[in-house]
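Q: Provided herewith: input03.cif, mmCIF, N, CA and C atoms.
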data_run
#
loop_
_atom_site.label_atom_id
_atom_site.label_comp_id
_atom_site.auth_asym_id
_atom_site.auth_seq_id
_atom_site.Cartn_x
_atom_site.Cartn_y
_atom_site.Cartn_z
N MET V 1 -38.90 -5.99 -16.30
CA MET V 1 -37.98 -6.86 -16.99
C MET V 1 -38.81 -7.88 -17.78
N SER V 2 -38.39 -8.15 -18.99
CA SER V 2 -39.09 -9.14 -19.80
C SER V 2 -38.82 -10.54 -19.26
N GLU V 3 -39.73 -11.46 -19.56
CA GLU V 3 -39.51 -12.83 -19.10
C GLU V 3 -38.24 -13.43 -19.70
N THR V 4 -37.90 -13.05 -20.92
CA THR V 4 -36.68 -13.57 -21.54
C THR V 4 -35.47 -13.19 -20.70
N ARG V 5 -35.37 -11.93 -20.35
CA ARG V 5 -34.24 -11.45 -19.54
C ARG V 5 -34.27 -12.08 -18.14
N LEU V 6 -35.45 -12.20 -17.57
CA LEU V 6 -35.59 -12.81 -16.26
C LEU V 6 -35.06 -14.24 -16.27
N PHE V 7 -35.45 -15.03 -17.26
CA PHE V 7 -35.00 -16.42 -17.33
C PHE V 7 -33.50 -16.50 -17.59
N GLN V 8 -32.99 -15.61 -18.44
CA GLN V 8 -31.55 -15.60 -18.71
C GLN V 8 -30.78 -15.31 -17.42
N GLN V 9 -31.26 -14.36 -16.63
CA GLN V 9 -30.59 -14.03 -15.37
C GLN V 9 -30.75 -15.14 -14.35
N ALA V 10 -31.95 -15.66 -14.22
CA ALA V 10 -32.22 -16.66 -13.19
C ALA V 10 -31.39 -17.93 -13.40
N PHE V 11 -31.27 -18.38 -14.64
CA PHE V 11 -30.55 -19.61 -14.93
C PHE V 11 -29.12 -19.37 -15.41
N SER V 12 -28.66 -18.13 -15.35
CA SER V 12 -27.30 -17.81 -15.75
C SER V 12 -26.30 -18.62 -14.95
N GLN V 13 -25.25 -19.03 -15.59
CA GLN V 13 -24.19 -19.77 -14.92
C GLN V 13 -23.18 -18.83 -14.25
N ASP V 14 -23.35 -17.53 -14.47
CA ASP V 14 -22.50 -16.54 -13.81
C ASP V 14 -22.81 -16.53 -12.31
N ALA V 15 -21.88 -16.02 -11.55
CA ALA V 15 -22.10 -15.86 -10.11
C ALA V 15 -23.22 -14.85 -9.89
N PRO V 16 -24.01 -15.01 -8.83
CA PRO V 16 -25.06 -14.03 -8.55
C PRO V 16 -24.46 -12.66 -8.26
N LYS V 17 -25.26 -11.64 -8.53
CA LYS V 17 -24.87 -10.27 -8.24
C LYS V 17 -25.94 -9.68 -7.32
N ALA V 18 -25.65 -8.55 -6.74
CA ALA V 18 -26.65 -7.89 -5.90
C ALA V 18 -27.91 -7.63 -6.72
N GLY V 19 -29.04 -8.10 -6.24
CA GLY V 19 -30.29 -7.92 -6.95
C GLY V 19 -30.50 -8.88 -8.11
N GLN V 20 -29.55 -9.79 -8.33
CA GLN V 20 -29.65 -10.75 -9.42
C GLN V 20 -29.30 -12.15 -8.91
N PRO V 21 -30.21 -12.75 -8.14
CA PRO V 21 -29.95 -14.11 -7.66
C PRO V 21 -29.98 -15.11 -8.81
N ARG V 22 -29.49 -16.29 -8.55
CA ARG V 22 -29.45 -17.35 -9.56
C ARG V 22 -30.16 -18.59 -9.04
N LEU V 23 -30.71 -19.36 -9.96
CA LEU V 23 -31.28 -20.66 -9.62
C LEU V 23 -30.28 -21.73 -10.05
N ARG V 24 -29.99 -22.62 -9.15
CA ARG V 24 -29.06 -23.71 -9.44
C ARG V 24 -29.83 -25.02 -9.41
N LEU V 25 -29.76 -25.73 -10.52
CA LEU V 25 -30.48 -26.99 -10.66
C LEU V 25 -29.64 -28.18 -10.23
N MET V 26 -28.36 -27.97 -10.10
CA MET V 26 -27.44 -28.99 -9.58
C MET V 26 -26.17 -28.28 -9.12
N GLN V 27 -25.35 -28.98 -8.40
CA GLN V 27 -24.07 -28.44 -7.95
C GLN V 27 -23.17 -28.17 -9.15
N ASP V 28 -22.51 -27.03 -9.15
CA ASP V 28 -21.59 -26.69 -10.23
C ASP V 28 -20.34 -27.54 -10.10
N ASP V 29 -20.26 -28.56 -10.94
CA ASP V 29 -19.09 -29.43 -10.93
C ASP V 29 -18.20 -29.19 -12.15
N GLY V 30 -18.51 -28.11 -12.88
CA GLY V 30 -17.72 -27.75 -14.05
C GLY V 30 -17.99 -28.63 -15.26
N SER V 31 -19.00 -29.46 -15.19
CA SER V 31 -19.26 -30.42 -16.26
C SER V 31 -20.12 -29.82 -17.38
N ASP V 32 -20.08 -30.52 -18.51
CA ASP V 32 -20.96 -30.17 -19.61
C ASP V 32 -22.42 -30.35 -19.19
N THR V 33 -22.68 -31.33 -18.34
CA THR V 33 -24.04 -31.58 -17.87
C THR V 33 -24.57 -30.37 -17.12
N TYR V 34 -23.77 -29.81 -16.22
CA TYR V 34 -24.18 -28.61 -15.47
C TYR V 34 -24.53 -27.48 -16.44
N ARG V 35 -23.64 -27.23 -17.39
CA ARG V 35 -23.88 -26.15 -18.34
C ARG V 35 -25.13 -26.43 -19.19
N SER V 36 -25.28 -27.65 -19.62
CA SER V 36 -26.41 -28.03 -20.46
C SER V 36 -27.74 -27.90 -19.73
N ILE V 37 -27.79 -28.35 -18.49
CA ILE V 37 -29.04 -28.29 -17.72
C ILE V 37 -29.49 -26.84 -17.54
N HIS V 38 -28.56 -25.95 -17.22
CA HIS V 38 -28.93 -24.55 -17.01
C HIS V 38 -29.27 -23.84 -18.32
N ARG V 39 -28.51 -24.12 -19.35
CA ARG V 39 -28.81 -23.53 -20.65
C ARG V 39 -30.17 -24.03 -21.15
N GLY V 40 -30.44 -25.32 -20.96
CA GLY V 40 -31.72 -25.89 -21.38
C GLY V 40 -32.90 -25.34 -20.60
N ALA V 41 -32.72 -25.12 -19.30
CA ALA V 41 -33.79 -24.57 -18.49
C ALA V 41 -34.15 -23.16 -18.95
N ALA V 42 -33.14 -22.35 -19.20
CA ALA V 42 -33.40 -20.98 -19.66
C ALA V 42 -34.08 -20.99 -21.03
N ALA V 43 -33.60 -21.84 -21.94
CA ALA V 43 -34.18 -21.91 -23.27
C ALA V 43 -35.61 -22.45 -23.22
N SER V 44 -35.84 -23.45 -22.40
CA SER V 44 -37.19 -24.01 -22.25
C SER V 44 -38.14 -22.96 -21.71
N ALA V 45 -37.73 -22.28 -20.66
CA ALA V 45 -38.57 -21.26 -20.05
C ALA V 45 -38.93 -20.18 -21.07
N GLU V 46 -37.93 -19.72 -21.79
CA GLU V 46 -38.18 -18.68 -22.80
C GLU V 46 -39.13 -19.20 -23.88
N GLY V 47 -38.89 -20.41 -24.33
CA GLY V 47 -39.74 -20.99 -25.38
C GLY V 47 -41.16 -21.23 -24.91
N PHE V 48 -41.32 -21.73 -23.68
CA PHE V 48 -42.67 -21.97 -23.17
C PHE V 48 -43.45 -20.67 -23.06
N PHE V 49 -42.80 -19.63 -22.59
CA PHE V 49 -43.50 -18.35 -22.46
C PHE V 49 -43.79 -17.75 -23.83
N ALA V 50 -42.81 -17.78 -24.73
CA ALA V 50 -43.02 -17.20 -26.05
C ALA V 50 -44.05 -17.98 -26.87
N GLY V 51 -44.01 -19.29 -26.77
CA GLY V 51 -44.86 -20.11 -27.62
C GLY V 51 -46.17 -20.56 -27.01
N ILE V 52 -46.28 -20.55 -25.68
CA ILE V 52 -47.49 -21.03 -25.03
C ILE V 52 -48.18 -19.91 -24.26
N ARG V 53 -47.49 -19.36 -23.30
CA ARG V 53 -48.13 -18.38 -22.42
C ARG V 53 -48.49 -17.08 -23.14
N ASN V 54 -47.55 -16.50 -23.86
CA ASN V 54 -47.81 -15.20 -24.47
C ASN V 54 -48.95 -15.20 -25.48
N PRO V 55 -48.97 -16.12 -26.43
CA PRO V 55 -50.09 -16.10 -27.38
C PRO V 55 -51.44 -16.28 -26.68
N ASN V 56 -51.50 -17.17 -25.71
CA ASN V 56 -52.76 -17.41 -25.02
C ASN V 56 -53.17 -16.25 -24.11
N SER V 57 -52.22 -15.42 -23.72
CA SER V 57 -52.52 -14.30 -22.83
C SER V 57 -52.72 -12.99 -23.56
N HIS V 58 -52.11 -12.83 -24.72
CA HIS V 58 -52.10 -11.52 -25.37
C HIS V 58 -52.87 -11.43 -26.68
N ALA V 59 -53.12 -12.55 -27.33
CA ALA V 59 -53.77 -12.50 -28.64
C ALA V 59 -55.28 -12.69 -28.49
N ASP V 60 -56.02 -11.82 -29.12
CA ASP V 60 -57.48 -11.94 -29.12
C ASP V 60 -57.90 -12.81 -30.30
N GLY V 61 -58.97 -13.52 -30.11
CA GLY V 61 -59.55 -14.27 -31.22
C GLY V 61 -58.92 -15.60 -31.52
N LEU V 62 -58.02 -16.07 -30.66
CA LEU V 62 -57.45 -17.40 -30.88
C LEU V 62 -58.52 -18.45 -30.63
N PRO V 63 -58.52 -19.50 -31.42
CA PRO V 63 -59.50 -20.55 -31.15
C PRO V 63 -59.20 -21.24 -29.82
N GLU V 64 -60.24 -21.72 -29.18
CA GLU V 64 -60.05 -22.45 -27.92
C GLU V 64 -59.26 -23.72 -28.21
N LEU V 65 -58.33 -24.00 -27.33
CA LEU V 65 -57.51 -25.20 -27.51
C LEU V 65 -58.34 -26.45 -27.28
N ALA V 66 -58.01 -27.47 -28.04
CA ALA V 66 -58.59 -28.78 -27.76
C ALA V 66 -58.09 -29.23 -26.40
N ARG V 67 -58.88 -30.03 -25.73
CA ARG V 67 -58.54 -30.47 -24.37
C ARG V 67 -57.14 -31.10 -24.32
N HIS V 68 -56.84 -31.96 -25.26
CA HIS V 68 -55.53 -32.63 -25.24
C HIS V 68 -54.38 -31.64 -25.46
N GLU V 69 -54.60 -30.63 -26.29
CA GLU V 69 -53.56 -29.61 -26.49
C GLU V 69 -53.35 -28.78 -25.24
N ALA V 70 -54.43 -28.41 -24.58
CA ALA V 70 -54.33 -27.64 -23.34
C ALA V 70 -53.59 -28.44 -22.27
N LEU V 71 -53.87 -29.72 -22.18
CA LEU V 71 -53.18 -30.57 -21.20
C LEU V 71 -51.70 -30.73 -21.54
N GLU V 72 -51.38 -30.83 -22.81
CA GLU V 72 -49.97 -30.91 -23.22
C GLU V 72 -49.22 -29.63 -22.86
N GLN V 73 -49.85 -28.49 -23.09
CA GLN V 73 -49.22 -27.22 -22.75
C GLN V 73 -49.06 -27.08 -21.24
N LEU V 74 -50.06 -27.48 -20.51
CA LEU V 74 -49.97 -27.46 -19.05
C LEU V 74 -48.85 -28.36 -18.56
N ALA V 75 -48.69 -29.52 -19.17
CA ALA V 75 -47.61 -30.43 -18.79
C ALA V 75 -46.23 -29.79 -19.04
N ALA V 76 -46.10 -29.11 -20.18
CA ALA V 76 -44.83 -28.46 -20.48
C ALA V 76 -44.51 -27.39 -19.44
N LEU V 77 -45.49 -26.57 -19.11
CA LEU V 77 -45.27 -25.53 -18.11
C LEU V 77 -45.04 -26.14 -16.72
N SER V 78 -45.62 -27.28 -16.47
CA SER V 78 -45.42 -27.97 -15.20
C SER V 78 -43.97 -28.43 -15.04
N VAL V 79 -43.37 -28.87 -16.12
CA VAL V 79 -41.95 -29.26 -16.08
C VAL V 79 -41.09 -28.08 -15.63
N LEU V 80 -41.34 -26.92 -16.21
CA LEU V 80 -40.60 -25.72 -15.82
C LEU V 80 -40.85 -25.38 -14.36
N ALA V 81 -42.10 -25.41 -13.93
CA ALA V 81 -42.42 -25.09 -12.53
C ALA V 81 -41.73 -26.06 -11.58
N ARG V 82 -41.68 -27.32 -11.93
CA ARG V 82 -41.03 -28.32 -11.08
C ARG V 82 -39.53 -28.03 -10.96
N ARG V 83 -38.90 -27.63 -12.08
CA ARG V 83 -37.47 -27.30 -12.03
C ARG V 83 -37.20 -26.09 -11.14
N VAL V 84 -38.02 -25.07 -11.29
CA VAL V 84 -37.85 -23.88 -10.45
C VAL V 84 -38.06 -24.23 -8.99
N ASP V 85 -39.09 -25.01 -8.71
CA ASP V 85 -39.38 -25.39 -7.33
C ASP V 85 -38.25 -26.20 -6.70
N ALA V 86 -37.60 -27.03 -7.49
CA ALA V 86 -36.52 -27.89 -6.98
C ALA V 86 -35.16 -27.18 -6.94
N ALA V 87 -35.06 -26.03 -7.57
CA ALA V 87 -33.78 -25.33 -7.67
C ALA V 87 -33.38 -24.73 -6.33
N THR V 88 -32.10 -24.51 -6.20
CA THR V 88 -31.53 -23.81 -5.04
C THR V 88 -31.32 -22.36 -5.42
N LEU V 89 -31.79 -21.45 -4.60
CA LEU V 89 -31.60 -20.02 -4.83
C LEU V 89 -30.26 -19.61 -4.27
N VAL V 90 -29.43 -19.00 -5.13
CA VAL V 90 -28.11 -18.54 -4.72
C VAL V 90 -28.07 -17.02 -4.85
N THR V 91 -27.70 -16.35 -3.78
CA THR V 91 -27.67 -14.88 -3.79
C THR V 91 -26.24 -14.39 -3.56
N ALA V 92 -26.04 -13.12 -3.86
CA ALA V 92 -24.72 -12.50 -3.70
C ALA V 92 -24.48 -12.17 -2.24
#
Since I need it in another form, could you write the structure as structure tokens?
A:
Amino acid sequence: MSETRLFQQAFSQDAPKAGQPRLRLMQDDGSDTYRSIHRGAAASAEGFFAGIRNPNSHADGLPELARHEALEQLAALSVLARRVDAATLVTA
């Protein structure tokens, strides 16, 4: 499964299905905030992987990142990791 599909499933607001658990970042209170947080997490995860992880992992010949750029990218990925770590896993 691609990381895009994985993030879409993990942060989906749909109920979990067999073999497709969900990550919940807050209690579903039906609010715009709940929907926004989950939509944002999925979009952030997809963007971080597409724009940071994938180029650095798959492209040959990229120039080495400046120290400050590498730290900024690490910080962005750390935000995602912290959200996943704090999330509640919901299974079917």
Q: Using the chain letters and residue numbers of this document, give as an MDAnalysis selection string the residues selected by the PyMOL selection byres ((chain V and resi 25-30) around 8).
A: chainID V and resid 11 22:24 31:35 37:38 83:84 86:89
Q: As a ChimeraX atom specification, please: every residue in chain V that DSSP puts in helix (DSSP H, G or I).
A: /V:3-10,32-58,67-86
Q: Would you compute the distance between atom CA of V:Leu80 and atom CA of V:Leu62? Give it in Å to one decimal.
A: 24.1 Å
Q: Quick one, how far is atom CA of V:Thr91 from atom CA of V:Leu77?
A: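 Computed distance, atom CA of V:Thr91 to atom CA of V:Leu77, equals 25.1 Å.
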Q: Among stretch 3-90 of chain V, which ones does DSSP assign to strand (DSSP E) (computed from the backbone)? Answer as a list in words.
A: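 Those in stretch 3-90 of chain V that DSSP calls strand (DSSP E) are Arg22, Leu23, Arg24, Thr88, Leu89 and Val90 of chain V.
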Q: Would you write out, as an mmCIF file with N, CA and C atoms, keeping the file's coordinate frame, every residue that the PyMOL selection byres ((chain V and resi 7) around 7) captures in this file?
A:
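What follows is the written file result-v7.cif:
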data_model
loop_
_atom_site.group_PDB
_atom_site.id
_atom_site.type_symbol
_atom_site.label_atom_id
_atom_site.label_comp_id
_atom_site.auth_asym_id
_atom_site.auth_seq_id
_atom_site.Cartn_x
_atom_site.Cartn_y
_atom_site.Cartn_z
ATOM 1 N N SER V 2 -38.390 -8.150 -18.990
ATOM 2 C CA SER V 2 -39.090 -9.140 -19.800
ATOM 3 C C SER V 2 -38.820 -10.540 -19.260
ATOM 4 N N GLU V 3 -39.730 -11.460 -19.560
ATOM 5 C CA GLU V 3 -39.510 -12.830 -19.100
ATOM 6 C C GLU V 3 -38.240 -13.430 -19.700
ATOM 7 N N THR V 4 -37.900 -13.050 -20.920
ATOM 8 C CA THR V 4 -36.680 -13.570 -21.540
ATOM 9 C C THR V 4 -35.470 -13.190 -20.700
ATOM 10 N N ARG V 5 -35.370 -11.930 -20.350
ATOM 11 C CA ARG V 5 -34.240 -11.450 -19.540
ATOM 12 C C ARG V 5 -34.270 -12.080 -18.140
ATOM 13 N N LEU V 6 -35.450 -12.200 -17.570
ATOM 14 C CA LEU V 6 -35.590 -12.810 -16.260
ATOM 15 C C LEU V 6 -35.060 -14.240 -16.270
ATOM 16 N N GLN V 8 -32.990 -15.610 -18.440
ATOM 17 C CA GLN V 8 -31.550 -15.600 -18.710
ATOM 18 C C GLN V 8 -30.780 -15.310 -17.420
ATOM 19 N N GLN V 9 -31.260 -14.360 -16.630
ATOM 20 C CA GLN V 9 -30.590 -14.030 -15.370
ATOM 21 C C GLN V 9 -30.750 -15.140 -14.350
ATOM 22 N N ALA V 10 -31.950 -15.660 -14.220
ATOM 23 C CA ALA V 10 -32.220 -16.660 -13.190
ATOM 24 C C ALA V 10 -31.390 -17.930 -13.400
ATOM 25 N N PHE V 11 -31.270 -18.380 -14.640
ATOM 26 C CA PHE V 11 -30.550 -19.610 -14.930
ATOM 27 C C PHE V 11 -29.120 -19.370 -15.410
ATOM 28 N N SER V 12 -28.660 -18.130 -15.350
ATOM 29 C CA SER V 12 -27.300 -17.810 -15.750
ATOM 30 C C SER V 12 -26.300 -18.620 -14.950
ATOM 31 N N ALA V 41 -32.720 -25.120 -19.300
ATOM 32 C CA ALA V 41 -33.790 -24.570 -18.490
ATOM 33 C C ALA V 41 -34.150 -23.160 -18.950
ATOM 34 N N ALA V 42 -33.140 -22.350 -19.200
ATOM 35 C CA ALA V 42 -33.400 -20.980 -19.660
ATOM 36 C C ALA V 42 -34.080 -20.990 -21.030
ATOM 37 N N ALA V 43 -33.600 -21.840 -21.940
ATOM 38 C CA ALA V 43 -34.180 -21.910 -23.270
ATOM 39 C C ALA V 43 -35.610 -22.450 -23.220
ATOM 40 N N ALA V 45 -37.730 -22.280 -20.660
ATOM 41 C CA ALA V 45 -38.570 -21.260 -20.050
ATOM 42 C C ALA V 45 -38.930 -20.180 -21.070
ATOM 43 N N GLU V 46 -37.930 -19.720 -21.790
ATOM 44 C CA GLU V 46 -38.180 -18.680 -22.800
ATOM 45 C C GLU V 46 -39.130 -19.200 -23.880
#
